[in-house]
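Peer 1: So I've got this file, structure_36.cif, and it contains mmCIF, C-alpha atoms:
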data_data
loop_
_atom_site.label_atom_id
_atom_site.label_comp_id
_atom_site.auth_asym_id
_atom_site.auth_seq_id
_atom_site.Cartn_x
_atom_site.Cartn_y
_atom_site.Cartn_z
CA MET A 1 0.00 0.00 0.00
CA PRO A 2 1.37 3.44 -0.87
CA ILE A 3 2.56 5.65 1.97
CA TYR A 4 3.08 9.37 1.69
CA ARG A 5 5.02 11.74 3.92
CA ILE A 6 2.63 14.64 4.48
CA ALA A 7 2.95 17.29 7.20
CA GLU A 8 5.83 15.31 8.77
CA LEU A 9 3.60 12.26 9.16
CA ASN A 10 3.41 8.97 7.30
CA VAL A 11 -0.01 8.76 5.70
CA GLN A 12 -1.40 5.68 4.02
CA TYR A 13 -4.02 5.84 1.26
CA THR A 14 -4.54 4.08 -2.02
CA PRO A 15 -5.66 6.44 -4.78
CA VAL A 16 -8.15 4.93 -7.22
CA SER A 17 -7.90 7.84 -9.62
CA SER A 18 -4.60 8.12 -11.47
CA ALA A 19 -4.75 11.93 -11.17
CA ILE A 20 -4.68 11.70 -7.37
CA ALA A 21 -1.83 9.19 -7.52
CA GLU A 22 0.05 11.60 -9.73
CA LEU A 23 -0.51 14.60 -7.42
CA SER A 24 0.59 12.51 -4.46
CA GLU A 25 3.69 11.02 -6.11
CA PRO A 26 6.16 13.75 -4.97
CA TYR A 27 5.19 12.88 -1.38
CA ARG A 28 5.54 9.11 -1.70
CA ILE A 29 7.97 7.23 0.53
CA ASP A 30 8.90 3.55 1.00
CA ASP A 31 5.89 1.25 1.26
CA GLY A 32 7.29 -0.39 4.40
CA ALA A 33 7.47 2.83 6.47
CA PRO A 34 5.57 2.87 9.80
CA VAL A 35 2.14 4.49 9.34
CA ASP A 36 0.90 7.41 11.50
CA ILE A 37 -2.45 7.99 9.77
CA VAL A 38 -4.60 5.68 7.66
CA ALA A 39 -6.59 7.87 5.26
CA ASP A 40 -7.96 5.15 3.01
CA VAL A 41 -11.55 5.87 1.99
CA SER A 42 -14.46 3.50 1.47
CA ALA A 43 -17.09 3.65 -1.27
CA ASP A 44 -19.44 5.08 1.39
CA ASP A 45 -16.98 7.88 2.22
CA ILE A 46 -16.86 8.82 -1.46
CA LYS A 47 -20.63 8.56 -1.81
CA ARG A 48 -21.05 10.99 1.07
CA GLU A 49 -19.07 13.63 -0.86
CA TYR A 50 -21.82 13.67 -3.50
CA GLU A 51 -24.27 14.62 -0.78
CA TYR A 52 -22.15 17.67 0.06
CA LEU A 53 -21.45 18.53 -3.59
CA PRO A 54 -23.81 16.73 -5.98
CA ASP A 55 -21.93 17.96 -9.08
CA SER A 56 -18.63 16.36 -8.04
CA THR A 57 -16.81 14.17 -10.51
CA GLU A 58 -15.65 10.76 -9.21
CA GLN A 59 -12.17 12.16 -9.03
CA THR A 60 -13.01 15.23 -6.95
CA ALA A 61 -15.22 13.15 -4.67
CA GLU A 62 -12.33 10.78 -3.97
CA TYR A 63 -9.85 13.67 -3.70
CA THR A 64 -12.04 15.44 -1.13
CA ALA A 65 -12.90 12.24 0.78
CA ILE A 66 -9.24 11.35 1.33
CA TYR A 67 -8.36 14.86 2.47
CA ARG A 68 -11.40 15.02 4.74
CA LYS A 69 -10.25 11.81 6.45
CA LEU A 70 -6.66 12.99 6.69
CA CYS A 71 -7.62 16.44 7.99
CA THR A 72 -9.84 14.88 10.65
CA LYS A 73 -7.29 12.34 11.90
CA ILE A 74 -4.48 14.90 11.83
CA LEU A 75 -6.15 16.51 14.83
CA ASP A 76 -4.57 13.62 16.76
CA PHE A 77 -1.27 15.30 15.84
CA ASN A 78 -2.26 18.92 16.60
CA GLY A 79 -2.97 19.64 12.94
CA PHE A 80 -5.81 21.10 10.91
CA LEU A 81 -6.63 22.21 7.39
CA PHE A 82 -6.46 25.96 6.79
CA HIS A 83 -7.97 27.29 3.55
CA SER A 84 -5.37 29.81 2.41
CA SER A 85 -2.81 30.71 -0.21
CA THR A 86 0.44 30.61 1.70
CA VAL A 87 3.66 32.20 0.58
CA VAL A 88 7.07 31.67 2.18
CA LEU A 89 9.49 34.59 2.25
CA ASP A 90 13.02 34.31 3.68
CA GLY A 91 11.98 31.03 5.33
CA GLU A 92 8.83 32.32 7.06
CA ALA A 93 5.26 31.64 5.96
CA TYR A 94 2.44 34.16 5.53
CA ALA A 95 -1.04 32.66 5.05
CA PHE A 96 -3.65 34.68 3.15
CA THR A 97 -7.22 33.60 3.69
CA ALA A 98 -10.56 34.78 2.28
CA LEU A 99 -13.64 33.35 0.65
CA SER A 100 -12.92 31.73 -2.70
CA GLY A 101 -12.79 34.26 -5.50
CA THR A 102 -11.54 37.18 -3.38
CA GLY A 103 -8.02 37.01 -4.79
CA LYS A 104 -5.78 35.05 -2.41
CA SER A 105 -3.75 33.47 -5.19
CA THR A 106 -3.63 36.73 -7.13
CA HIS A 107 -2.13 38.43 -4.09
CA THR A 108 0.48 35.76 -3.34
CA ARG A 109 1.58 35.89 -7.01
CA LEU A 110 2.37 39.56 -6.39
CA TRP A 111 4.74 38.48 -3.62
CA LEU A 112 6.58 36.22 -6.08
CA GLU A 113 6.84 39.10 -8.51
CA LYS A 114 7.94 41.56 -5.85
CA PHE A 115 10.40 39.35 -3.95
CA GLY A 116 11.63 37.03 -6.72
CA GLN A 117 13.89 34.19 -5.56
CA ARG A 118 13.32 35.01 -1.88
CA ALA A 119 9.70 33.78 -2.10
CA PHE A 120 7.75 30.65 -3.08
CA ILE A 121 4.19 29.33 -2.75
CA ILE A 122 4.17 26.43 -0.30
CA ASN A 123 0.47 25.67 -0.81
CA ASP A 124 -1.91 27.72 -2.93
CA ASP A 125 -5.20 26.67 -1.34
CA LYS A 126 -5.34 23.93 1.30
CA PRO A 127 -2.27 23.78 3.54
CA ILE A 128 -2.18 21.82 6.75
CA VAL A 129 -1.08 23.67 9.88
CA ARG A 130 0.43 21.80 12.82
CA TYR A 131 1.70 22.78 16.23
CA VAL A 132 5.08 21.03 16.47
CA ASN A 133 7.87 21.61 19.01
CA GLY A 134 6.28 24.80 20.32
CA GLU A 135 5.73 26.44 16.92
CA TYR A 136 3.12 26.49 14.17
CA ARG A 137 4.30 24.94 10.94
CA ILE A 138 2.50 25.11 7.63
CA TYR A 139 2.87 22.46 4.98
CA GLY A 140 2.81 21.86 1.29
CA THR A 141 0.48 18.92 0.60
CA PRO A 142 -0.79 17.20 -2.58
CA TRP A 143 -4.03 19.13 -2.04
CA SER A 144 -3.55 22.70 -3.16
CA GLY A 145 -6.61 23.79 -5.14
CA LYS A 146 -7.20 24.28 -8.82
CA ASN A 147 -3.69 25.57 -9.54
CA ASN A 148 -2.06 22.48 -8.00
CA LEU A 149 0.69 24.64 -6.63
CA ASN A 150 2.49 23.13 -3.68
CA LYS A 151 5.96 22.35 -2.46
CA ASN A 152 6.79 19.30 -0.38
CA THR A 153 8.25 21.13 2.59
CA TYR A 154 7.23 23.18 5.64
CA ALA A 155 7.89 26.62 7.08
CA PRO A 156 7.14 28.25 10.43
CA LEU A 157 3.88 30.20 10.14
CA LYS A 158 4.61 33.85 10.92
CA ALA A 159 1.17 35.43 10.43
CA VAL A 160 -2.36 34.93 9.16
CA CYS A 161 -3.87 37.63 6.97
CA PHE A 162 -7.55 38.08 6.14
CA LEU A 163 -7.58 39.49 2.65
CA HIS A 164 -10.16 42.00 1.44
CA ARG A 165 -10.39 43.91 -1.80
CA GLY A 166 -9.73 47.61 -1.46
CA LYS A 167 -8.87 50.68 -3.48
CA GLU A 168 -5.84 51.48 -1.33
CA ASN A 169 -3.43 49.12 0.43
CA THR A 170 -3.73 49.10 4.21
CA ILE A 171 -2.95 46.51 6.87
CA THR A 172 -3.99 46.44 10.52
CA GLU A 173 -3.54 43.89 13.28
CA LYS A 174 -6.68 42.01 14.31
CA THR A 175 -7.53 40.82 17.81
CA SER A 176 -8.01 37.12 18.37
CA SER A 177 -11.67 37.63 19.31
CA ASP A 178 -12.27 39.41 16.00
CA ALA A 179 -10.40 36.65 14.17
CA LEU A 180 -12.55 33.83 15.59
CA THR A 181 -15.57 34.07 13.27
CA PRO A 182 -13.75 34.60 9.95
CA LEU A 183 -11.20 31.95 10.90
CA LEU A 184 -13.90 29.38 11.64
CA SER A 185 -15.21 29.60 8.10
CA GLN A 186 -11.74 28.91 6.65
CA VAL A 187 -10.67 25.89 8.69
CA TYR A 188 -11.99 22.36 8.36
CA ARG A 189 -14.13 21.39 11.32
CA PRO A 190 -15.00 17.71 11.65
CA HIS A 191 -18.50 16.60 12.65
CA ASP A 192 -17.56 13.79 15.00
CA GLU A 193 -17.81 14.86 18.66
CA THR A 194 -14.37 13.67 19.81
CA TYR A 195 -12.63 15.36 16.92
CA THR A 196 -14.75 18.50 17.28
CA LEU A 197 -13.47 18.86 20.84
CA LYS A 198 -9.87 18.35 19.71
CA PHE A 199 -10.46 20.87 16.95
CA LEU A 200 -11.77 23.48 19.40
CA ASP A 201 -8.72 23.00 21.66
CA GLU A 202 -6.46 23.46 18.66
CA LEU A 203 -8.38 26.54 17.52
CA ASP A 204 -8.15 28.04 21.00
CA ARG A 205 -4.36 27.66 21.06
CA PHE A 206 -4.04 28.97 17.52
CA LEU A 207 -6.06 32.10 18.35
CA LYS A 208 -4.00 32.73 21.48
CA THR A 209 -0.65 32.18 19.75
CA MET A 210 -0.89 33.38 16.16
CA LYS A 211 -0.80 36.96 14.88
CA PHE A 212 -3.76 38.02 12.72
CA TYR A 213 -4.11 40.91 10.30
CA ASP A 214 -6.69 42.49 7.99
CA LEU A 215 -5.34 43.52 4.62
CA TYR A 216 -7.31 45.74 2.26
CA CYS A 217 -5.55 45.68 -1.08
CA ASN A 218 -5.62 46.25 -4.80
CA ILE A 219 -3.64 44.30 -7.40
CA SER A 220 -0.26 46.00 -7.40
CA LEU A 221 3.28 45.30 -6.25
CA GLN A 222 2.69 47.92 -3.59
CA ALA A 223 0.00 45.63 -2.11
CA ALA A 224 2.64 42.92 -1.52
CA GLU A 225 5.04 45.46 -0.05
CA VAL A 226 2.41 46.90 2.34
CA ALA A 227 1.37 43.39 3.42
CA TYR A 228 4.93 42.28 4.06
CA ASN A 229 5.94 45.45 5.91
CA GLY A 230 2.85 45.16 8.10
CA MET A 231 3.57 41.57 9.13
CA LYS A 232 7.35 41.06 9.06
CA MET B 1 -42.39 27.51 30.39
CA PHE B 2 -39.61 24.91 30.62
CA VAL B 3 -36.55 25.23 28.38
CA LYS B 4 -34.23 22.34 27.64
CA ALA B 5 -31.18 22.17 25.36
CA LYS B 6 -31.35 19.68 22.52
CA PRO B 7 -28.59 17.07 22.47
CA GLY B 8 -25.62 17.45 20.12
CA PHE B 9 -24.16 20.81 21.14
CA VAL B 10 -20.98 21.56 23.05
CA LEU B 11 -20.09 24.78 24.82
CA ARG B 12 -16.47 25.91 24.71
CA GLU B 13 -14.42 28.93 25.59
CA ILE B 14 -12.26 29.88 22.61
CA GLY B 15 -9.89 32.75 23.15
CA ASP B 16 -12.08 35.09 25.19
CA THR B 17 -15.37 34.08 23.56
CA TYR B 18 -17.88 31.39 24.49
CA ILE B 19 -19.24 29.43 21.57
CA ILE B 20 -21.80 26.68 21.08
CA VAL B 21 -20.80 24.20 18.41
CA PRO B 22 -22.99 21.46 16.93
CA VAL B 23 -21.51 17.95 16.83
CA GLY B 24 -22.45 14.68 15.15
CA ALA B 25 -25.87 14.66 13.51
CA GLN B 26 -26.51 18.29 14.55
CA ALA B 27 -23.37 19.36 12.68
CA GLN B 28 -24.75 17.74 9.51
CA LYS B 29 -27.86 19.94 9.76
CA PHE B 30 -26.23 23.14 10.90
CA ASN B 31 -22.63 24.04 10.22
CA GLY B 32 -22.47 27.39 12.02
CA ILE B 33 -21.56 28.33 15.56
CA ILE B 34 -23.30 30.47 18.14
CA LYS B 35 -21.31 33.05 20.07
CA LEU B 36 -22.29 33.83 23.64
CA ASN B 37 -21.35 36.47 26.15
CA LYS B 38 -20.92 35.66 29.85
CA THR B 39 -24.63 36.02 30.59
CA GLY B 40 -25.54 33.85 27.61
CA LYS B 41 -23.07 31.23 28.77
CA ALA B 42 -24.63 31.10 32.24
CA MET B 43 -28.11 30.81 30.72
CA TRP B 44 -27.03 28.06 28.34
CA GLU B 45 -25.50 26.08 31.20
CA ALA B 46 -28.80 26.31 33.10
CA ILE B 47 -30.74 25.30 29.99
CA CYS B 48 -28.46 22.29 29.46
CA VAL B 49 -29.81 20.71 32.63
CA GLY B 50 -33.26 22.13 31.89
CA ALA B 51 -34.70 25.25 33.47
CA ASP B 52 -37.94 27.12 33.90
CA VAL B 53 -38.03 30.65 32.47
CA ASP B 54 -38.79 32.01 35.96
CA GLU B 55 -35.70 30.24 37.25
CA LEU B 56 -33.57 31.83 34.51
CA VAL B 57 -34.98 35.25 35.44
CA LYS B 58 -34.14 34.62 39.09
CA ASN B 59 -30.56 33.64 38.17
CA MET B 60 -30.20 36.93 36.31
CA LEU B 61 -31.54 38.91 39.25
CA ASP B 62 -29.11 37.15 41.61
CA GLU B 63 -26.20 37.95 39.35
CA TYR B 64 -26.95 41.47 38.15
CA ASP B 65 -28.35 44.63 39.66
CA ILE B 66 -31.26 44.98 37.21
CA SER B 67 -35.04 45.17 37.39
CA GLU B 68 -37.18 42.08 36.97
CA ASP B 69 -38.66 43.51 33.76
CA ILE B 70 -35.27 43.84 32.16
CA ALA B 71 -34.18 40.40 33.36
CA ARG B 72 -37.34 38.83 31.97
CA ARG B 73 -36.92 40.65 28.67
CA ASP B 74 -33.29 39.47 28.35
CA VAL B 75 -34.18 35.88 29.22
CA GLN B 76 -37.07 35.88 26.74
CA SER B 77 -34.87 37.30 24.01
CA PHE B 78 -32.23 34.62 24.65
CA VAL B 79 -34.81 31.83 24.67
CA ASP B 80 -36.36 33.15 21.44
CA LYS B 81 -32.99 33.25 19.73
CA ALA B 82 -32.09 29.77 20.99
CA LYS B 83 -35.44 28.48 19.77
CA GLY B 84 -34.88 30.19 16.42
CA ALA B 85 -31.50 28.51 16.09
CA ASN B 86 -33.12 25.17 16.97
CA LEU B 87 -30.96 24.74 20.07
CA VAL B 88 -33.74 24.18 22.59
CA GLU B 89 -37.12 22.58 23.15
CA LEU B 90 -39.85 24.45 24.97
CA THR B 91 -42.46 22.56 27.00
#
Output the structure of this file as structure tokens.
Peer 2:
Amino acid sequence: MPIYRIAELNVQYTPVSSAIAELSEPYRIDDGAPVDIVADVSADDIKREYEYLPDSTEQTAEYTAIYRKLCTKILDFNGFLFHSSTVVLDGEAYAFTALSGTGKSTHTRLWLEKFGQRAFIINDDKPIVRYVNGEYRIYGTPWSGKNNLNKNTYAPLKAVCFLHRGKENTITEKTSSDALTPLLSQVYRPHDETYTLKFLDELDRFLKTMKFYDLYCNISLQAAEVAYNGMK
Amino acid sequence: MFVKAKPGFVLREIGDTYIIVPVGAQAQKFNGIIKLNKTGKAMWEAICVGADVDELVKNMLDEYDISEDIARRDVQSFVDKAKGANLVELT
């Protein structure tokens, strides 16, 4: 059975779709490695995805089902899924989150343009965040949205930025109580009671530890500069 | 009027905010959360074991220096909201 090294954990799943196998290939390790998380999905797990999104193709249903399982069980390892486009600059990660279509990816592309070789996208849409050795780390994973942009590595997470469209570029720090509601709609919350409780503990620590910002921005290199200067 | 919380909700303090989160089957029906202040939290805890509206009003009066009218109005407003969000059963 294939085993993948994802978020510093050995994860076992067997992709049915060749596209998922292909996306996962850069993360594959020796089949005999000890397994931390089993994220294999059943036909029922895949069927359930059609209830959430009836228009899913077989491939997206399987893709989502595996990640749902992984991002539930990873709570056993202080991890959770955080919907964001995350850029790494000089070794530190900045996660931009917003509802789909706001322009997360557009903004992180501006960082690449502005900072060149100093910056890269670690995960363009669905990184995993884990609390490891007293710090938050954010990870490239095979799941990274429609652009499939991810790098098999991790970086310490420096700040979380809620992105909003604006005419001018401004950034302000956000209190953890103000961050709670928008954050909740951008992290994956499992339904199961035991995992919900673990999730809430993790969320509590994240809110108390992480720095949060609101960025209002247009599409310009100055937007990347303002964002970086506000959070560095 | 007796107010009792439906099963399938957990109350947690996150940061400096109290929230009610649905779990299990409730989470399938409703994916949101409900934020509470300190008064709301105390009322929810009473409702979890089941409480009469008069009892909730009395709790408010014990805790805060307010008139009975205001306490009753606040309790009723909380119960209405909780009912609206399908968190409680009234009998």
Peer 1: Would you write out, as an MDAnalysis selection string, every residue that the PyMOL selection byres ((chain A) within 7 of (chain B)) captures in this file?
Peer 2: chainID A and resid 176:177 191:193 196 204 207:208
Peer 1: Going by the chain IDs and residue numbers used in this file, which residues fall under the PyMOL selection byres ((chain A and resi 3) around 9)? Write them as a short mmCIF file (atom, residue, chain, number, x, y, z; two decimals) with C-alpha atoms, in the frame of the given file.
Peer 2:
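Saved the output as expr-v4.cif:
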data_model
loop_
_atom_site.label_atom_id
_atom_site.label_comp_id
_atom_site.auth_asym_id
_atom_site.auth_seq_id
_atom_site.Cartn_x
_atom_site.Cartn_y
_atom_site.Cartn_z
CA MET A 1 0.00 0.00 0.00
CA PRO A 2 1.37 3.44 -0.87
CA TYR A 4 3.08 9.37 1.69
CA ARG A 5 5.02 11.74 3.92
CA ASN A 10 3.41 8.97 7.30
CA VAL A 11 -0.01 8.76 5.70
CA GLN A 12 -1.40 5.68 4.02
CA TYR A 13 -4.02 5.84 1.26
CA THR A 14 -4.54 4.08 -2.02
CA TYR A 27 5.19 12.88 -1.38
CA ARG A 28 5.54 9.11 -1.70
CA ILE A 29 7.97 7.23 0.53
CA ASP A 30 8.90 3.55 1.00
CA ASP A 31 5.89 1.25 1.26
CA GLY A 32 7.29 -0.39 4.40
CA ALA A 33 7.47 2.83 6.47
CA PRO A 34 5.57 2.87 9.80
CA VAL A 35 2.14 4.49 9.34
#
Peer 1: Applying 9 Å and only C-alpha atoms, which residues near Leu87 (chain B) remain after dropping the ones on its own chain fewer than 3 positions away? List them as a PDB file with C-alpha atoms, in the frame of the given file.
Peer 2:
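Final output, saved to part-v7.pdb:
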ATOM      1  CA  LYS B   4     -34.230  22.340  27.640  1.00  0.00           C
ATOM      2  CA  ALA B   5     -31.180  22.170  25.360  1.00  0.00           C
ATOM      3  CA  LYS B   6     -31.350  19.680  22.520  1.00  0.00           C
ATOM      4  CA  PRO B   7     -28.590  17.070  22.470  1.00  0.00           C
ATOM      5  CA  PHE B   9     -24.160  20.810  21.140  1.00  0.00           C
ATOM      6  CA  LYS B  81     -32.990  33.250  19.730  1.00  0.00           C
ATOM      7  CA  ALA B  82     -32.090  29.770  20.990  1.00  0.00           C
ATOM      8  CA  LYS B  83     -35.440  28.480  19.770  1.00  0.00           C
ATOM      9  CA  GLY B  84     -34.880  30.190  16.420  1.00  0.00           C
TER      10      GLY B  84
END
Peer 1: Starting from the PyMOL selection byres ((chain A and resi 80-91) around 7), expand the selection into actual residues of this file and give them as number ranges by chain.
Peer 2: A: 71, 74-75, 79, 92-97, 104-105, 108, 118-130, 155, 186-188
Peer 1: Would you export the selected residues with C-alpha atoms as a PDB file, keeping the file's coordinate frame, please?
Peer 2:
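And here is the file that came out, again_30.pdb:
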ATOM      1  CA  CYS A  71      -7.620  16.440   7.990  1.00  0.00           C
ATOM      2  CA  ILE A  74      -4.480  14.900  11.830  1.00  0.00           C
ATOM      3  CA  LEU A  75      -6.150  16.510  14.830  1.00  0.00           C
ATOM      4  CA  GLY A  79      -2.970  19.640  12.940  1.00  0.00           C
ATOM      5  CA  GLU A  92       8.830  32.320   7.060  1.00  0.00           C
ATOM      6  CA  ALA A  93       5.260  31.640   5.960  1.00  0.00           C
ATOM      7  CA  TYR A  94       2.440  34.160   5.530  1.00  0.00           C
ATOM      8  CA  ALA A  95      -1.040  32.660   5.050  1.00  0.00           C
ATOM      9  CA  PHE A  96      -3.650  34.680   3.150  1.00  0.00           C
ATOM     10  CA  THR A  97      -7.220  33.600   3.690  1.00  0.00           C
ATOM     11  CA  LYS A 104      -5.780  35.050  -2.410  1.00  0.00           C
ATOM     12  CA  SER A 105      -3.750  33.470  -5.190  1.00  0.00           C
ATOM     13  CA  THR A 108       0.480  35.760  -3.340  1.00  0.00           C
ATOM     14  CA  ARG A 118      13.320  35.010  -1.880  1.00  0.00           C
ATOM     15  CA  ALA A 119       9.700  33.780  -2.100  1.00  0.00           C
ATOM     16  CA  PHE A 120       7.750  30.650  -3.080  1.00  0.00           C
ATOM     17  CA  ILE A 121       4.190  29.330  -2.750  1.00  0.00           C
ATOM     18  CA  ILE A 122       4.170  26.430  -0.300  1.00  0.00           C
ATOM     19  CA  ASN A 123       0.470  25.670  -0.810  1.00  0.00           C
ATOM     20  CA  ASP A 124      -1.910  27.720  -2.930  1.00  0.00           C
ATOM     21  CA  ASP A 125      -5.200  26.670  -1.340  1.00  0.00           C
ATOM     22  CA  LYS A 126      -5.340  23.930   1.300  1.00  0.00           C
ATOM     23  CA  PRO A 127      -2.270  23.780   3.540  1.00  0.00           C
ATOM     24  CA  ILE A 128      -2.180  21.820   6.750  1.00  0.00           C
ATOM     25  CA  VAL A 129      -1.080  23.670   9.880  1.00  0.00           C
ATOM     26  CA  ARG A 130       0.430  21.800  12.820  1.00  0.00           C
ATOM     27  CA  ALA A 155       7.890  26.620   7.080  1.00  0.00           C
ATOM     28  CA  GLN A 186     -11.740  28.910   6.650  1.00  0.00           C
ATOM     29  CA  VAL A 187     -10.670  25.890   8.690  1.00  0.00           C
ATOM     30  CA  TYR A 188     -11.990  22.360   8.360  1.00  0.00           C
TER      31      TYR A 188
END
Peer 1: Set the distance at 9 Å and use all atoms listed in the file: which residues neighbour Val57 (chain B) once local chain neighbours fewer than 6 positions away are removed? I'd like the list as a VMD selection string.
Peer 2: chain B and resid 68 71 to 76
Peer 1: Show which residues sit within 12 Å of Phe77 (chain A), as a PyMOL selection string. Count only C-alpha atoms, and ignore same-chain residues fewer than 4 positions away.
Peer 2: chain A and resi 7-10+36-37+70-73+128-133+195+198-199+202
Peer 1: Got time to write the residues from that selection, C-alpha atoms, as a PDB file, in the frame of the given file?
Peer 2:
ATOM      1  CA  ALA A   7       2.950  17.290   7.200  1.00  0.00           C
ATOM      2  CA  GLU A   8       5.830  15.310   8.770  1.00  0.00           C
ATOM      3  CA  LEU A   9       3.600  12.260   9.160  1.00  0.00           C
ATOM      4  CA  ASN A  10       3.410   8.970   7.300  1.00  0.00           C
ATOM      5  CA  ASP A  36       0.900   7.410  11.500  1.00  0.00           C
ATOM      6  CA  ILE A  37      -2.450   7.990   9.770  1.00  0.00           C
ATOM      7  CA  LEU A  70      -6.660  12.990   6.690  1.00  0.00           C
ATOM      8  CA  CYS A  71      -7.620  16.440   7.990  1.00  0.00           C
ATOM      9  CA  THR A  72      -9.840  14.880  10.650  1.00  0.00           C
ATOM     10  CA  LYS A  73      -7.290  12.340  11.900  1.00  0.00           C
ATOM     11  CA  ILE A 128      -2.180  21.820   6.750  1.00  0.00           C
ATOM     12  CA  VAL A 129      -1.080  23.670   9.880  1.00  0.00           C
ATOM     13  CA  ARG A 130       0.430  21.800  12.820  1.00  0.00           C
ATOM     14  CA  TYR A 131       1.700  22.780  16.230  1.00  0.00           C
ATOM     15  CA  VAL A 132       5.080  21.030  16.470  1.00  0.00           C
ATOM     16  CA  ASN A 133       7.870  21.610  19.010  1.00  0.00           C
ATOM     17  CA  TYR A 195     -12.630  15.360  16.920  1.00  0.00           C
ATOM     18  CA  LYS A 198      -9.870  18.350  19.710  1.00  0.00           C
ATOM     19  CA  PHE A 199     -10.460  20.870  16.950  1.00  0.00           C
ATOM     20  CA  GLU A 202      -6.460  23.460  18.660  1.00  0.00           C
TER      21      GLU A 202
END
Peer 1: Using only C-alpha atoms, can you tell me which of A:Leu215, A:Ala43, A:Ala65, A:Ala159 comes closest to His107 (chain A)?
Peer 2: A:Leu215
Peer 1: Could you jot down the CA of Lys211 (chain A) to CA of Thr172 (chain A) separation for me, Å, one decimal place?
Peer 2: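 Computing the Euclidean distance for CA of Lys211 (chain A) and CA of Thr172 (chain A) yields 10.9 Å.
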Peer 1: Between CA of Glu51 (chain A) and CA of Tyr67 (chain A), what is the distance, to one decimal in Å?
Peer 2: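 According to the coordinates, CA of Glu51 (chain A) and CA of Tyr67 (chain A) are separated by 16.2 Å.
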Peer 1: Hey, can you check how far CA of Phe30 (chain B) sits from CA of Asn78 (chain A)?
Peer 2: 25.0 Å
Peer 1: Counting only C-alpha atoms, which of B:Ala51, B:Ile20, B:Met60, B:Val3 gets nearest to Thr39 (chain B)?
Peer 2: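 Closest to Thr39 (chain B) of all the choices is B:Met60.
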